[in-house]
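Student: So that you have it, the file is entry.cif, and it contains mmCIF, C-alpha atoms and all ligand atoms:
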data_protein
loop_
_atom_site.label_atom_id
_atom_site.label_comp_id
_atom_site.auth_asym_id
_atom_site.auth_seq_id
_atom_site.Cartn_x
_atom_site.Cartn_y
_atom_site.Cartn_z
CA MET A 1 17.59 6.27 -3.94
CA ALA A 2 17.99 5.72 -0.21
CA VAL A 3 16.73 3.55 2.60
CA LEU A 4 15.37 5.29 5.68
CA VAL A 5 16.47 3.59 8.89
CA THR A 6 14.65 4.93 11.92
CA GLY A 7 16.38 4.18 15.21
CA GLY A 8 19.49 3.58 13.13
CA LEU A 9 21.87 4.36 15.99
CA GLY A 10 20.23 1.81 18.29
CA TYR A 11 21.33 -1.75 18.93
CA ILE A 12 19.85 -3.69 16.02
CA GLY A 13 19.50 -0.54 13.89
CA SER A 14 23.22 0.31 13.90
CA HIS A 15 24.23 -3.24 12.93
CA THR A 16 21.68 -3.18 10.12
CA VAL A 17 22.97 0.18 8.84
CA VAL A 18 26.44 -1.39 8.52
CA GLU A 19 25.07 -4.35 6.55
CA LEU A 20 23.03 -2.07 4.30
CA ILE A 21 26.07 0.08 3.52
CA ASN A 22 28.16 -3.06 2.91
CA ASN A 23 25.52 -4.09 0.37
CA GLY A 24 25.70 -0.78 -1.48
CA TYR A 25 22.59 0.96 -0.12
CA GLU A 26 22.50 4.67 0.62
CA VAL A 27 21.27 5.07 4.18
CA VAL A 28 19.40 7.91 5.88
CA ILE A 29 19.23 7.55 9.64
CA VAL A 30 16.66 9.28 11.82
CA ASP A 31 17.26 8.74 15.52
CA ASP A 32 16.28 11.05 18.37
CA LEU A 33 19.16 9.79 20.57
CA SER A 34 16.70 8.93 23.35
CA ASN A 35 18.26 5.48 23.72
CA SER A 36 21.47 5.79 21.71
CA GLU A 37 24.66 7.83 21.47
CA ARG A 38 26.16 9.99 18.77
CA PHE A 39 29.51 8.17 18.83
CA ILE A 40 27.76 5.19 17.20
CA LEU A 41 27.48 7.26 14.01
CA LYS A 42 31.22 7.85 14.02
CA ASN A 43 31.83 4.14 14.63
CA ILE A 44 29.56 3.17 11.72
CA GLU A 45 31.68 5.44 9.56
CA GLU A 46 34.89 3.85 10.87
CA ILE A 47 33.60 0.35 10.14
CA THR A 48 32.17 1.02 6.67
CA GLY A 49 34.22 3.97 5.44
CA LYS A 50 30.94 5.73 4.60
CA LYS A 51 29.03 8.38 6.47
CA PRO A 52 25.27 7.86 6.41
CA PHE A 53 22.96 10.87 6.42
CA PHE A 54 21.77 11.55 9.96
CA TYR A 55 18.87 13.53 11.44
CA PRO A 56 18.43 13.70 15.25
CA PHE A 57 14.66 14.08 14.90
CA ASP A 58 11.75 12.94 17.02
CA LEU A 59 9.58 11.06 14.54
CA ARG A 60 6.40 11.97 16.35
CA ARG A 61 6.86 15.38 14.74
CA ARG A 62 5.46 14.86 11.28
CA GLU A 63 6.78 18.16 9.89
CA LEU A 64 10.37 17.06 10.61
CA LEU A 65 9.82 13.74 8.94
CA THR A 66 8.41 15.52 5.90
CA GLN A 67 11.68 17.44 5.64
CA VAL A 68 13.61 14.16 5.48
CA PHE A 69 11.35 12.77 2.75
CA ASP A 70 11.68 16.05 0.83
CA ALA A 71 15.48 15.93 1.03
CA HIS A 72 15.98 12.30 -0.08
CA GLN A 73 14.58 9.87 -2.60
CA ILE A 74 13.39 7.28 -0.09
CA GLU A 75 12.63 3.89 -1.62
CA GLY A 76 12.05 1.93 1.57
CA CYS A 77 12.15 2.06 5.36
CA ILE A 78 13.35 -0.17 8.15
CA ASN A 79 11.61 1.02 11.27
CA PHE A 80 13.54 0.33 14.48
CA ALA A 81 12.55 3.50 16.32
CA ALA A 82 10.53 2.40 19.35
CA SER A 83 10.61 2.27 23.13
CA LYS A 84 11.35 -1.28 24.22
CA ALA A 85 11.53 -1.64 28.00
CA VAL A 86 8.84 -4.09 29.01
CA GLY A 87 8.61 -2.98 32.66
CA GLU A 88 8.56 0.72 31.80
CA SER A 89 5.80 0.15 29.26
CA GLN A 90 3.50 -0.99 32.07
CA ILE A 91 4.12 2.19 34.04
CA LYS A 92 3.95 4.58 31.06
CA PRO A 93 1.44 2.99 28.69
CA VAL A 94 0.28 6.20 27.02
CA ASP A 95 3.87 7.24 26.27
CA TYR A 96 4.56 3.82 24.76
CA TYR A 97 1.47 3.88 22.57
CA GLU A 98 2.31 7.43 21.50
CA ASN A 99 5.96 6.83 20.74
CA ASN A 100 5.68 3.44 19.07
CA LEU A 101 2.48 4.01 17.11
CA PHE A 102 2.61 7.75 16.21
CA THR A 103 6.07 7.22 14.75
CA LEU A 104 4.85 4.33 12.64
CA ILE A 105 1.74 6.17 11.46
CA ASN A 106 3.70 9.30 10.54
CA ILE A 107 6.04 7.29 8.32
CA LEU A 108 3.10 5.48 6.75
CA GLN A 109 1.42 8.80 5.97
CA GLU A 110 4.53 9.86 4.05
CA PHE A 111 4.65 6.49 2.29
CA LYS A 112 0.97 6.73 1.40
CA GLU A 113 1.17 10.26 0.03
CA ARG A 114 4.38 9.70 -1.91
CA GLY A 115 3.52 6.26 -3.28
CA ILE A 116 6.47 4.57 -1.58
CA SER A 117 6.49 0.81 -0.89
CA ASN A 118 8.96 -1.49 0.97
CA PHE A 119 8.44 -1.18 4.71
CA ILE A 120 10.20 -3.41 7.23
CA PHE A 121 8.90 -3.55 10.78
CA SER A 122 10.78 -4.70 13.90
CA SER A 123 8.37 -7.04 15.59
CA SER A 124 8.99 -9.53 18.36
CA CYS A 125 8.37 -13.15 19.31
CA THR A 126 6.49 -11.67 22.26
CA VAL A 127 3.42 -11.68 19.94
CA TYR A 128 3.23 -15.49 20.42
CA GLY A 129 3.22 -15.46 24.25
CA GLN A 130 3.79 -18.96 25.65
CA ALA A 131 3.12 -21.02 22.54
CA GLU A 132 1.71 -24.50 23.01
CA LYS A 133 4.05 -26.21 20.55
CA MET A 134 7.76 -25.77 19.85
CA PRO A 135 9.32 -24.66 17.60
CA ILE A 136 7.26 -21.55 16.89
CA THR A 137 6.29 -21.12 13.23
CA GLU A 138 4.81 -18.02 11.62
CA ASN A 139 1.43 -19.82 11.79
CA THR A 140 1.58 -20.36 15.54
CA PRO A 141 -1.50 -18.56 16.93
CA LEU A 142 -0.83 -15.12 18.37
CA LYS A 143 -1.76 -14.30 21.94
CA LEU A 144 -2.60 -10.89 23.28
CA PRO A 145 0.75 -9.84 24.80
CA GLU A 146 0.84 -9.21 28.52
CA SER A 147 2.92 -6.04 28.24
CA VAL A 148 2.04 -2.71 26.67
CA TYR A 149 5.33 -2.97 24.75
CA GLY A 150 4.17 -6.28 23.27
CA LYS A 151 0.78 -4.79 22.42
CA THR A 152 2.42 -1.95 20.49
CA LYS A 153 4.23 -4.60 18.41
CA GLN A 154 1.03 -6.52 17.70
CA MET A 155 -0.87 -3.33 16.88
CA GLY A 156 1.98 -2.19 14.64
CA GLU A 157 1.74 -5.44 12.70
CA GLU A 158 -2.02 -5.01 12.21
CA ILE A 159 -1.66 -1.39 11.10
CA LEU A 160 0.92 -2.46 8.52
CA ILE A 161 -1.16 -5.33 7.17
CA ASP A 162 -4.11 -2.94 6.68
CA PHE A 163 -1.78 -0.42 5.05
CA ALA A 164 -0.36 -2.99 2.60
CA LYS A 165 -3.81 -4.27 1.64
CA ALA A 166 -5.49 -0.90 1.21
CA TYR A 167 -2.73 0.84 -0.76
CA GLN A 168 -1.10 -2.19 -2.44
CA ARG A 169 2.29 -1.88 -0.78
CA LYS A 170 5.02 -4.27 0.26
CA ILE A 171 5.71 -4.90 3.92
CA SER A 172 7.74 -7.34 5.96
CA LEU A 173 7.09 -8.08 9.63
CA LEU A 174 10.21 -9.47 11.28
CA ARG A 175 9.61 -11.24 14.57
CA TYR A 176 12.88 -11.27 16.46
CA PHE A 177 13.64 -13.83 19.11
CA ASN A 178 16.43 -12.81 21.57
CA PRO A 179 19.15 -10.73 19.87
CA ILE A 180 22.57 -10.87 21.54
CA GLY A 181 26.21 -10.06 20.85
CA ALA A 182 27.93 -7.15 19.20
CA HIS A 183 29.82 -6.18 16.07
CA PRO A 184 33.13 -8.11 15.69
CA SER A 185 34.98 -4.76 15.60
CA GLY A 186 33.81 -4.17 19.19
CA LYS A 187 32.51 -0.74 18.14
CA LEU A 188 28.77 -1.41 18.06
CA GLY A 189 26.61 -3.14 20.62
CA GLU A 190 23.80 -2.78 23.09
CA LEU A 191 23.87 0.25 25.38
CA PRO A 192 21.83 -0.66 28.44
CA ILE A 193 20.62 2.40 30.29
CA GLY A 194 20.54 1.87 34.05
CA VAL A 195 20.12 -1.67 35.34
CA PRO A 196 19.76 -4.04 32.40
CA ASN A 197 16.65 -6.20 32.16
CA ASN A 198 17.89 -8.55 29.48
CA LEU A 199 20.06 -11.52 30.30
CA VAL A 200 23.25 -10.95 28.28
CA PRO A 201 23.79 -7.28 29.24
CA TYR A 202 23.31 -8.27 32.89
CA VAL A 203 25.75 -11.17 32.54
CA MET A 204 28.34 -8.79 31.06
CA GLN A 205 27.94 -6.20 33.77
CA THR A 206 28.32 -8.92 36.38
CA ALA A 207 31.45 -10.30 34.73
CA VAL A 208 33.00 -6.84 34.64
CA GLY A 209 32.09 -6.15 38.28
CA ILE A 210 29.43 -3.45 37.85
CA ARG A 211 26.89 -5.90 39.33
CA GLU A 212 27.76 -8.18 42.21
CA LYS A 213 25.78 -11.23 41.07
CA LEU A 214 23.51 -12.30 38.28
CA ASN A 215 20.00 -13.02 39.53
CA ILE A 216 18.67 -16.09 37.78
CA TRP A 217 14.93 -15.71 37.78
CA GLY A 218 13.87 -19.22 38.75
CA ASP A 219 15.28 -22.74 38.36
CA ASP A 220 12.01 -24.61 38.85
CA TYR A 221 10.75 -24.45 35.26
CA ASP A 222 9.83 -27.59 33.38
CA THR A 223 13.12 -27.72 31.43
CA ALA A 224 16.21 -29.97 31.68
CA ASP A 225 18.11 -27.70 34.11
CA GLY A 226 15.06 -25.86 35.44
CA THR A 227 15.88 -22.48 33.84
CA PRO A 228 13.85 -21.01 30.95
CA ILE A 229 14.79 -21.59 27.34
CA ARG A 230 15.10 -18.88 24.67
CA ASP A 231 16.36 -18.60 21.13
CA TYR A 232 19.41 -16.33 21.22
CA ILE A 233 20.28 -14.90 17.82
CA TYR A 234 23.51 -13.14 16.94
CA VAL A 235 22.78 -9.49 16.16
CA VAL A 236 24.95 -9.36 13.01
CA ASP A 237 23.09 -12.38 11.60
CA LEU A 238 19.83 -10.63 12.47
CA ALA A 239 21.01 -7.45 10.73
CA LYS A 240 21.78 -9.45 7.58
CA ALA A 241 18.24 -10.83 7.57
CA HIS A 242 16.97 -7.26 7.21
CA VAL A 243 18.99 -6.76 4.05
CA SER A 244 17.61 -10.03 2.63
CA ALA A 245 14.04 -9.08 3.59
CA LEU A 246 14.42 -5.67 1.95
CA LYS A 247 15.89 -7.16 -1.23
CA LYS A 248 13.02 -9.63 -1.41
CA LEU A 249 10.45 -6.83 -1.20
CA MET A 250 12.25 -4.67 -3.72
CA GLU A 251 12.68 -7.51 -6.21
CA SER A 252 9.12 -8.79 -5.95
CA ASN A 253 6.94 -8.22 -9.00
CA GLU A 254 3.78 -8.36 -6.91
CA GLN A 255 2.19 -5.04 -6.00
CA THR A 256 1.09 -6.16 -2.56
CA VAL A 257 3.42 -8.22 -0.39
CA ILE A 258 2.82 -9.11 3.24
CA ASP A 259 5.80 -11.06 4.51
CA ILE A 260 6.14 -12.43 8.02
CA PHE A 261 9.33 -14.08 9.25
CA ASN A 262 10.53 -15.51 12.53
CA LEU A 263 14.16 -14.55 13.00
CA GLY A 264 16.01 -16.70 15.47
CA ALA A 265 18.82 -19.22 15.55
CA GLY A 266 16.23 -21.99 15.53
CA LYS A 267 17.70 -23.47 18.68
CA GLY A 268 16.83 -23.10 22.36
CA SER A 269 19.36 -22.41 25.14
CA SER A 270 18.67 -22.25 28.86
CA VAL A 271 19.78 -19.39 31.12
CA LEU A 272 22.41 -21.61 32.72
CA GLU A 273 23.69 -22.68 29.30
CA VAL A 274 24.12 -19.02 28.33
CA VAL A 275 26.03 -18.29 31.55
CA LYS A 276 28.31 -21.33 31.02
CA ALA A 277 28.88 -20.45 27.34
CA PHE A 278 29.82 -16.89 28.34
CA GLU A 279 32.27 -18.16 30.95
CA THR A 280 33.89 -20.61 28.53
CA ALA A 281 34.03 -18.18 25.61
CA ASN A 282 35.67 -15.40 27.61
CA ASP A 283 37.43 -17.26 30.40
CA VAL A 284 35.69 -15.20 33.09
CA LYS A 285 33.46 -16.09 36.02
CA VAL A 286 29.88 -14.94 36.39
CA PRO A 287 28.76 -15.24 40.01
CA TYR A 288 25.03 -15.92 40.22
CA GLN A 289 22.24 -16.71 42.64
CA ILE A 290 18.92 -18.40 42.05
CA CYS A 291 15.96 -16.10 42.76
CA PRO A 292 12.18 -16.45 42.49
CA ARG A 293 10.63 -16.38 39.02
CA ARG A 294 10.22 -13.02 37.24
CA GLU A 295 6.62 -12.10 36.60
CA GLY A 296 5.53 -12.56 33.00
CA ASP A 297 8.39 -14.88 32.01
CA ILE A 298 7.50 -17.85 29.85
CA THR A 299 9.14 -21.29 30.05
CA ILE A 300 10.28 -21.85 26.51
CA ALA A 301 10.40 -20.11 23.14
CA TYR A 302 12.44 -20.96 20.07
CA ALA A 303 11.83 -20.39 16.42
CA ASP A 304 11.18 -22.53 13.41
CA VAL A 305 13.29 -20.63 10.89
CA THR A 306 12.65 -22.75 7.81
CA LYS A 307 10.49 -20.05 6.19
CA ALA A 308 13.26 -17.44 6.46
CA GLU A 309 15.78 -20.00 5.17
CA ARG A 310 13.60 -20.83 2.19
CA GLU A 311 12.40 -17.37 1.22
CA LEU A 312 15.20 -15.09 2.40
CA HIS A 313 18.06 -17.54 1.72
CA TRP A 314 19.26 -16.62 5.16
CA LYS A 315 20.32 -18.61 8.21
CA SER A 316 21.90 -17.69 11.51
CA GLU A 317 24.94 -19.88 11.95
CA THR A 318 27.03 -18.04 14.52
CA PRO A 319 27.54 -20.23 17.59
CA LEU A 320 26.40 -18.92 20.96
CA GLU A 321 29.96 -18.77 22.29
CA GLU A 322 31.17 -16.69 19.38
CA SER A 323 28.42 -14.11 19.77
CA LEU A 324 29.13 -13.97 23.51
CA ARG A 325 32.80 -13.28 22.73
CA THR A 326 31.79 -10.24 20.67
CA ALA A 327 29.54 -9.09 23.52
CA TRP A 328 32.51 -9.19 25.88
CA LYS A 329 34.68 -7.28 23.42
CA TRP A 330 32.00 -4.56 23.28
CA GLN A 331 31.80 -4.42 27.08
CA GLN A 332 35.55 -3.85 27.20
CA TYR A 333 35.28 -1.12 24.59
CA LEU A 334 32.63 0.58 26.76
CA GLU A 335 34.90 0.28 29.80
CA SER A 336 37.80 1.85 27.88
CA LYS A 337 35.57 4.78 26.89
CA THR A 338 34.61 5.55 30.48
CA VAL A 339 38.16 5.34 31.88
C1 LIG A 401 12.31 -9.90 27.18
C2 LIG A 401 10.91 -9.31 27.17
C3 LIG A 401 10.36 -9.42 25.76
C4 LIG A 401 11.30 -8.70 24.78
C5 LIG A 401 12.70 -9.27 24.90
C6 LIG A 401 13.67 -8.45 24.05
C7 LIG A 401 10.03 -9.64 29.44
C8 LIG A 401 9.05 -10.37 30.28
N1 LIG A 401 10.07 -10.00 28.15
O1 LIG A 401 12.20 -11.25 26.80
O2 LIG A 401 9.07 -8.87 25.70
O3 LIG A 401 10.82 -8.86 23.48
O4 LIG A 401 13.13 -9.21 26.25
O5 LIG A 401 14.92 -9.06 24.01
O6 LIG A 401 10.73 -8.76 29.90
N2 LIG A 401 17.03 -13.66 33.07
C9 LIG A 401 17.61 -13.91 34.30
N3 LIG A 401 18.23 -12.87 34.92
C10 LIG A 401 18.31 -11.61 34.41
C11 LIG A 401 17.73 -11.37 33.15
C12 LIG A 401 17.08 -12.42 32.51
O7 LIG A 401 17.55 -15.01 34.81
O8 LIG A 401 18.87 -10.73 35.04
C13 LIG A 401 16.37 -14.76 32.34
C14 LIG A 401 14.88 -14.55 32.16
O9 LIG A 401 14.16 -15.11 33.20
C15 LIG A 401 14.64 -15.28 30.82
C16 LIG A 401 15.98 -15.18 30.09
O10 LIG A 401 16.94 -14.85 31.07
O11 LIG A 401 14.39 -16.62 31.07
C17 LIG A 401 15.97 -14.13 29.01
O12 LIG A 401 15.51 -12.92 29.55
P1 LIG A 401 15.49 -11.55 28.70
O13 LIG A 401 16.82 -11.29 28.12
O14 LIG A 401 14.91 -10.49 29.58
O15 LIG A 401 14.52 -11.88 27.48
P2 LIG A 401 13.00 -12.40 27.49
O16 LIG A 401 12.48 -12.60 28.86
O17 LIG A 401 12.95 -13.57 26.57
#
Take the structure in the file and write it out as structure tokens.
Ligand code: UD1
Tutor:
Amino acid sequence: MAVLVTGGLGYIGSHTVVELINNGYEVVIVDDLSNSERFILKNIEEITGKKPFFYPFDLRRRELLTQVFDAHQIEGCINFAASKAVGESQIKPVDYYENNLFTLINILQEFKERGISNFIFSSSCTVYGQAEKMPITENTPLKLPESVYGKTKQMGEEILIDFAKAYQRKISLLRYFNPIGAHPSGKLGELPIGVPNNLVPYVMQTAVGIREKLNIWGDDYDTADGTPIRDYIYVVDLAKAHVSALKKLMESNEQTVIDIFNLGAGKGSSVLEVVKAFETANDVKVPYQICPRREGDITIAYADVTKAERELHWKSETPLEESLRTAWKWQQYLESKTV
């Protein structure tokens, strides 16, 4: 029996593959390499001592997916494969709907026809928009996301809930807050293509000199230091939550399970706090300038993680500085590869 991990060479996917292998699962990766690199597969093997099955397939092509399901006894899927650039999703909405939703529907067709249960979906805290109350619980009302990317996540959740109800299957919707950091080995991490949009990759590229200065998008928010607050969660902790969520589904005696979990550290940090923590952790300077606000940014978002603690027996305990140290180690690994 094997677990299908789509997008398994990507940022969160690759860390999750390592945790799955460490927990004795057989892993089948499908990843079209559109936002990842083949060397990640080799690094997964170096870290775990095991080589997962790998197919470089585009999951929009159903006939290729069918081949994978024919070749392996799939007992569950963790679906990371998706386009995730918020800005790009506004310019290429049809491509985003096609890539993120066709992929999902193709896997669900295979699940439906073959009677497979246990589906884990990468969702995002973006489904809450600017929530009125902090911390954000799983019962916080959803808002229609502003971005097409966010809409594909909300639609994906709805498709999965309908799927679970109609065919009596088990699903888990994992709403990530802001994943950061890298594997402690320094061999897995986020591979930003072009100019990074997310804070930590931009901080790293500034510290290493690829970017001249970090642009801090606004310091006039209604927060203690004026910069927005997010819940930064260490990627290895996040990966471990997937293993717990999968185990929970597999061990449940219920036929239909619809799980929803917020996955964060349960603590908010401001942009300036992240920059300071990075500087302290790595003893480097990050030059920055204050710029006007970025369109679409919210003031504050952090998770109430008590449900995940209670039901998944999971908690993210890695301090911000430690995860930022791993991020820096990964950046140096990337530098050494390009030299
Ligand atoms: C962004 C996406 C969100 C997605 C998430 C994935 C937007 C509007 N939202 O969220 O949909 O789920 O990434 O991780 O793009 N910042 C700077 N300078 C930078 C980069 C970021 O000041 O160069 C600030 C931002 O204003 C924000 C914080 O850092 O306050 C975090 O930004 P980012 O990493 O892009 O995450 P989100 O905006 O939370």
Student: Taking all atoms listed in the file into account, list the residues no farther than 8 Å from ligand LIG 401 (chain A), as a VMD selection string.
Tutor: chain A and resid 84 to 87 124 to 126 147 149 to 150 176 to 179 196 to 200 202 to 203 214 to 218 227 to 230 270 to 271 293 to 299 301
Student: Output C-alpha atoms of each residue in that selection to a file, as an mmCIF file, in the coordinates of the input.
Tutor:
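Heads up, here's the output in part-v2.cif:
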data_model
loop_
_atom_site.group_PDB
_atom_site.id
_atom_site.type_symbol
_atom_site.label_atom_id
_atom_site.label_comp_id
_atom_site.auth_asym_id
_atom_site.auth_seq_id
_atom_site.Cartn_x
_atom_site.Cartn_y
_atom_site.Cartn_z
ATOM 1 C CA LYS A 84 11.350 -1.280 24.220
ATOM 2 C CA ALA A 85 11.530 -1.640 28.000
ATOM 3 C CA VAL A 86 8.840 -4.090 29.010
ATOM 4 C CA GLY A 87 8.610 -2.980 32.660
ATOM 5 C CA SER A 124 8.990 -9.530 18.360
ATOM 6 C CA CYS A 125 8.370 -13.150 19.310
ATOM 7 C CA THR A 126 6.490 -11.670 22.260
ATOM 8 C CA SER A 147 2.920 -6.040 28.240
ATOM 9 C CA TYR A 149 5.330 -2.970 24.750
ATOM 10 C CA GLY A 150 4.170 -6.280 23.270
ATOM 11 C CA TYR A 176 12.880 -11.270 16.460
ATOM 12 C CA PHE A 177 13.640 -13.830 19.110
ATOM 13 C CA ASN A 178 16.430 -12.810 21.570
ATOM 14 C CA PRO A 179 19.150 -10.730 19.870
ATOM 15 C CA PRO A 196 19.760 -4.040 32.400
ATOM 16 C CA ASN A 197 16.650 -6.200 32.160
ATOM 17 C CA ASN A 198 17.890 -8.550 29.480
ATOM 18 C CA LEU A 199 20.060 -11.520 30.300
ATOM 19 C CA VAL A 200 23.250 -10.950 28.280
ATOM 20 C CA TYR A 202 23.310 -8.270 32.890
ATOM 21 C CA VAL A 203 25.750 -11.170 32.540
ATOM 22 C CA LEU A 214 23.510 -12.300 38.280
ATOM 23 C CA ASN A 215 20.000 -13.020 39.530
ATOM 24 C CA ILE A 216 18.670 -16.090 37.780
ATOM 25 C CA TRP A 217 14.930 -15.710 37.780
ATOM 26 C CA GLY A 218 13.870 -19.220 38.750
ATOM 27 C CA THR A 227 15.880 -22.480 33.840
ATOM 28 C CA PRO A 228 13.850 -21.010 30.950
ATOM 29 C CA ILE A 229 14.790 -21.590 27.340
ATOM 30 C CA ARG A 230 15.100 -18.880 24.670
ATOM 31 C CA SER A 270 18.670 -22.250 28.860
ATOM 32 C CA VAL A 271 19.780 -19.390 31.120
ATOM 33 C CA ARG A 293 10.630 -16.380 39.020
ATOM 34 C CA ARG A 294 10.220 -13.020 37.240
ATOM 35 C CA GLU A 295 6.620 -12.100 36.600
ATOM 36 C CA GLY A 296 5.530 -12.560 33.000
ATOM 37 C CA ASP A 297 8.390 -14.880 32.010
ATOM 38 C CA ILE A 298 7.500 -17.850 29.850
ATOM 39 C CA THR A 299 9.140 -21.290 30.050
ATOM 40 C CA ALA A 301 10.400 -20.110 23.140
#
Student: Report, in Å to a single decimal, how far apart CA of Gly8 (chain A) and CA of Glu88 (chain A) are.
Tutor: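 Here the two named atoms are 21.8 Å from each other.
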Student: Do a neighbour search on Lys151 (chain A) at 12 Å with only C-alpha atoms, toss out local chain neighbours closer than 6 positions, and write the hits as an NGL selection string.
Tutor: :A and (84 or 86 or 89-90 or 93-94 or 96-97 or 100-101 or 123-129 or 142-145 or 157-158)
Student: Between A:Leu191, A:Lys240, A:Glu45, A:Arg175, which residue has the minimum interatomic distance to Ile136 (chain A), considering only C-alpha atoms?
Tutor: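 Distance minimum relative to Ile136 (chain A) lands on A:Arg175.
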Student: From the list A:Lys42, A:Lys133, A:Lys285, A:Lys92, which residue is nearest Lys213 (chain A) when using all atoms listed in the file?
Tutor: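 Closest candidate: A:Lys285.
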Student: Of the candidates A:Ile47, A:Ala308, A:Met1, A:Val18, which shows the shortest atom-to-atom distance to Phe69 (chain A), using all atoms listed in the file?
Tutor: A:Met1
Student: What's around Ala303 (chain A) at 6 Å? Count only C-alpha atoms, leave out sequence neighbours fewer than 4 positions away in its own chain, and write the answer as number ranges by chain.
Tutor: A: 135-136, 264, 266
Student: Using all atoms listed in the file, which residue out of A:Ser316, A:Gln331, A:Gln73, A:Asn23 lies closest to Val235 (chain A)?
Tutor: A:Ser316
Student: Separation of CA of Met204 (chain A) and CA of Asp304 (chain A), in Å?
Tutor: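 Taking CA of Met204 (chain A) and CA of Asp304 (chain A), their separation equals 28.2 Å.
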Student: Interatomic distance between CA of Asn35 (chain A) and CA of Gln154 (chain A)?
Tutor: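 CA of Gln154 (chain A) lies 21.8 Å from CA of Asn35 (chain A).
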Student: Nearest residue to Ile120 (chain A) out of A:Ile74, A:Val28, A:Ile44, A:Val5, using all atoms listed in the file?
Tutor: A:Val5
